[in-house]
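data_11.cif (mmCIF, C-alpha atoms)
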data_structure
#
loop_
_atom_site.label_atom_id
_atom_site.label_comp_id
_atom_site.auth_asym_id
_atom_site.auth_seq_id
_atom_site.Cartn_x
_atom_site.Cartn_y
_atom_site.Cartn_z
CA MET A 1 108.73 -120.98 -135.28
CA ALA A 2 109.89 -118.70 -138.05
CA PHE A 3 108.71 -115.53 -136.31
CA LEU A 4 111.53 -115.81 -133.76
CA ASN A 5 114.12 -115.18 -136.45
CA ARG A 6 112.54 -111.98 -137.77
CA ALA A 7 114.35 -108.71 -137.17
CA ILE A 8 112.41 -105.65 -136.07
CA PRO A 9 112.66 -102.87 -138.67
CA PHE A 10 114.49 -99.85 -137.29
CA HIS A 11 111.56 -97.50 -137.95
CA GLN A 12 109.39 -99.60 -135.61
CA ILE A 13 111.74 -99.24 -132.64
CA ARG A 14 110.71 -96.52 -130.21
CA LEU A 15 112.99 -95.09 -127.55
CA PHE A 16 111.55 -93.62 -124.38
CA ARG A 17 113.10 -91.09 -122.10
CA ALA A 18 113.83 -92.24 -118.57
CA HIS A 19 111.62 -90.74 -115.88
CA GLN A 20 114.37 -89.07 -113.92
CA PRO A 21 114.87 -85.39 -113.10
CA ASP A 22 116.98 -83.29 -115.48
CA ASN A 23 117.36 -86.16 -117.91
CA ASP A 24 119.62 -85.10 -120.77
CA ALA A 25 118.99 -87.42 -123.71
CA ALA A 26 122.51 -86.82 -125.04
CA ASN A 27 123.92 -88.46 -121.91
CA VAL A 28 121.72 -91.58 -122.09
CA ILE A 29 123.67 -94.51 -123.52
CA CYS A 30 122.52 -98.00 -124.54
CA LEU A 31 125.04 -100.85 -124.69
CA ILE A 32 124.25 -104.20 -126.25
CA ALA A 33 124.64 -107.31 -124.09
CA GLY A 34 128.34 -107.87 -123.48
CA GLY A 35 129.22 -104.41 -124.83
CA SER A 36 131.59 -102.01 -123.08
CA GLN A 37 132.61 -98.37 -123.27
CA THR A 38 135.11 -96.03 -121.65
CA ILE A 39 133.50 -93.30 -119.56
CA PRO A 40 134.98 -89.80 -119.97
CA ARG A 41 136.94 -88.57 -116.94
CA GLU A 42 134.68 -85.52 -116.47
CA ILE A 43 131.67 -87.75 -115.67
CA GLN A 44 130.96 -87.72 -111.93
CA ARG A 45 128.00 -90.11 -111.63
CA VAL A 46 126.41 -92.96 -113.60
CA TYR A 47 122.71 -93.86 -113.17
CA VAL A 48 121.69 -97.33 -114.40
CA ILE A 49 118.23 -97.16 -115.96
CA THR A 50 117.85 -100.77 -117.14
CA GLY A 51 120.12 -103.79 -116.98
CA THR A 52 123.17 -104.43 -114.81
CA ALA A 53 126.46 -102.54 -115.18
CA TRP A 54 129.96 -103.66 -114.34
CA LEU A 55 132.31 -100.71 -113.82
CA THR A 56 136.03 -101.14 -113.44
CA ALA A 57 138.91 -98.72 -112.87
CA ASN A 58 142.42 -99.24 -111.54
CA GLY A 59 141.63 -102.79 -110.39
CA GLU A 60 138.46 -101.81 -108.51
CA ASP A 61 135.23 -103.45 -109.72
CA ASN A 62 131.66 -102.36 -109.01
CA VAL A 63 128.31 -103.88 -110.04
CA VAL A 64 125.37 -101.47 -110.31
CA ASN A 65 121.78 -102.63 -110.86
CA ALA A 66 118.86 -100.85 -112.52
CA GLY A 67 117.59 -97.97 -110.40
CA ASP A 68 120.94 -97.45 -108.65
CA SER A 69 123.78 -95.03 -109.27
CA ILE A 70 127.47 -94.75 -108.49
CA ALA A 71 129.75 -91.76 -107.91
CA LEU A 72 132.92 -91.90 -110.00
CA SER A 73 136.48 -90.84 -109.27
CA SER A 74 138.05 -88.88 -112.10
CA ARG A 75 141.59 -90.02 -111.29
CA TYR A 76 141.46 -93.18 -113.40
CA PRO A 77 139.83 -94.19 -116.69
CA MET A 78 136.58 -96.10 -116.05
CA VAL A 79 135.12 -98.83 -118.26
CA ILE A 80 131.43 -99.76 -118.10
CA SER A 81 130.11 -103.10 -119.42
CA ALA A 82 126.67 -104.67 -119.79
CA LEU A 83 126.27 -107.85 -117.71
CA ARG A 84 123.92 -110.83 -117.67
CA ASN A 85 123.27 -111.12 -121.43
CA SER A 86 120.97 -108.11 -121.49
CA PRO A 87 121.32 -104.57 -122.82
CA LEU A 88 122.37 -101.79 -120.48
CA VAL A 89 120.85 -98.30 -120.52
CA TYR A 90 122.54 -95.70 -118.34
CA ARG A 91 122.80 -91.94 -117.91
CA MET A 92 125.99 -89.98 -117.24
CA GLU A 93 126.30 -86.74 -115.28
#
Please lay out the structure from this file as structure tokens.
Amino acid sequence: MAFLNRAIPFHQIRLFRAHQPDNDAANVICLIAGGSQTIPREIQRVYVITGTAWLTANGEDNVVNAGDSIALSSRYPMVISALRNSPLVYRME
């Protein structure tokens, strides 16, 4: 099955805006499976659009599924990671 090994050309990939109020495209992030990123301290809430997020700060762990959100504390640096071998798309406010 040779077609399984073909890459999709970048110009054929289309990104769609999430259907959420006041969606700011600059604050929508996509992480590859297993990827992680530090969330800036000024961010107060993270909305998970697709995938499952693992957020950790100061020894406290949270798992957030697609369609859910979490309020963040700005006292500690927060790291977000994509779980379950799938990409994660989320929006920061």
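Remark: for Ser69 (chain A), the closest of the candidate residues A:Gln37, A:Asn27, A:Tyr47, A:Thr56 is A:Tyr47 (distances computed over only C-alpha atoms).
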**OP:** Take CA of Pro40 (chain A) and CA of Ser86 (chain A) and report the distance between them in Å, one decimal.
**Re:**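 Going from CA of Pro40 (chain A) over to CA of Ser86 (chain A), I get 23.1 Å.
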Reference answer for the PyMOL selection byres ((chain A and resi 72-82) around 12), as a short mmCIF file (atom, residue, chain, number, x, y, z; two decimals) with C-alpha atoms, in the coordinates of the input:
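result-v9.cif, freshly written:
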data_model
loop_
_atom_site.label_atom_id
_atom_site.label_comp_id
_atom_site.auth_asym_id
_atom_site.auth_seq_id
_atom_site.Cartn_x
_atom_site.Cartn_y
_atom_site.Cartn_z
CA ILE A 29 123.67 -94.51 -123.52
CA CYS A 30 122.52 -98.00 -124.54
CA LEU A 31 125.04 -100.85 -124.69
CA ILE A 32 124.25 -104.20 -126.25
CA ALA A 33 124.64 -107.31 -124.09
CA GLY A 34 128.34 -107.87 -123.48
CA GLY A 35 129.22 -104.41 -124.83
CA SER A 36 131.59 -102.01 -123.08
CA GLN A 37 132.61 -98.37 -123.27
CA THR A 38 135.11 -96.03 -121.65
CA ILE A 39 133.50 -93.30 -119.56
CA PRO A 40 134.98 -89.80 -119.97
CA ARG A 41 136.94 -88.57 -116.94
CA GLU A 42 134.68 -85.52 -116.47
CA ILE A 43 131.67 -87.75 -115.67
CA GLN A 44 130.96 -87.72 -111.93
CA ARG A 45 128.00 -90.11 -111.63
CA VAL A 46 126.41 -92.96 -113.60
CA TYR A 47 122.71 -93.86 -113.17
CA VAL A 48 121.69 -97.33 -114.40
CA ILE A 49 118.23 -97.16 -115.96
CA THR A 50 117.85 -100.77 -117.14
CA GLY A 51 120.12 -103.79 -116.98
CA THR A 52 123.17 -104.43 -114.81
CA ALA A 53 126.46 -102.54 -115.18
CA TRP A 54 129.96 -103.66 -114.34
CA LEU A 55 132.31 -100.71 -113.82
CA THR A 56 136.03 -101.14 -113.44
CA ALA A 57 138.91 -98.72 -112.87
CA ASN A 58 142.42 -99.24 -111.54
CA GLY A 59 141.63 -102.79 -110.39
CA GLU A 60 138.46 -101.81 -108.51
CA ASP A 61 135.23 -103.45 -109.72
CA ASN A 62 131.66 -102.36 -109.01
CA VAL A 63 128.31 -103.88 -110.04
CA VAL A 64 125.37 -101.47 -110.31
CA ASN A 65 121.78 -102.63 -110.86
CA ALA A 66 118.86 -100.85 -112.52
CA SER A 69 123.78 -95.03 -109.27
CA ILE A 70 127.47 -94.75 -108.49
CA ALA A 71 129.75 -91.76 -107.91
CA LEU A 83 126.27 -107.85 -117.71
CA ARG A 84 123.92 -110.83 -117.67
CA ASN A 85 123.27 -111.12 -121.43
CA SER A 86 120.97 -108.11 -121.49
CA PRO A 87 121.32 -104.57 -122.82
CA LEU A 88 122.37 -101.79 -120.48
CA VAL A 89 120.85 -98.30 -120.52
CA TYR A 90 122.54 -95.70 -118.34
CA ARG A 91 122.80 -91.94 -117.91
CA MET A 92 125.99 -89.98 -117.24
CA GLU A 93 126.30 -86.74 -115.28
#
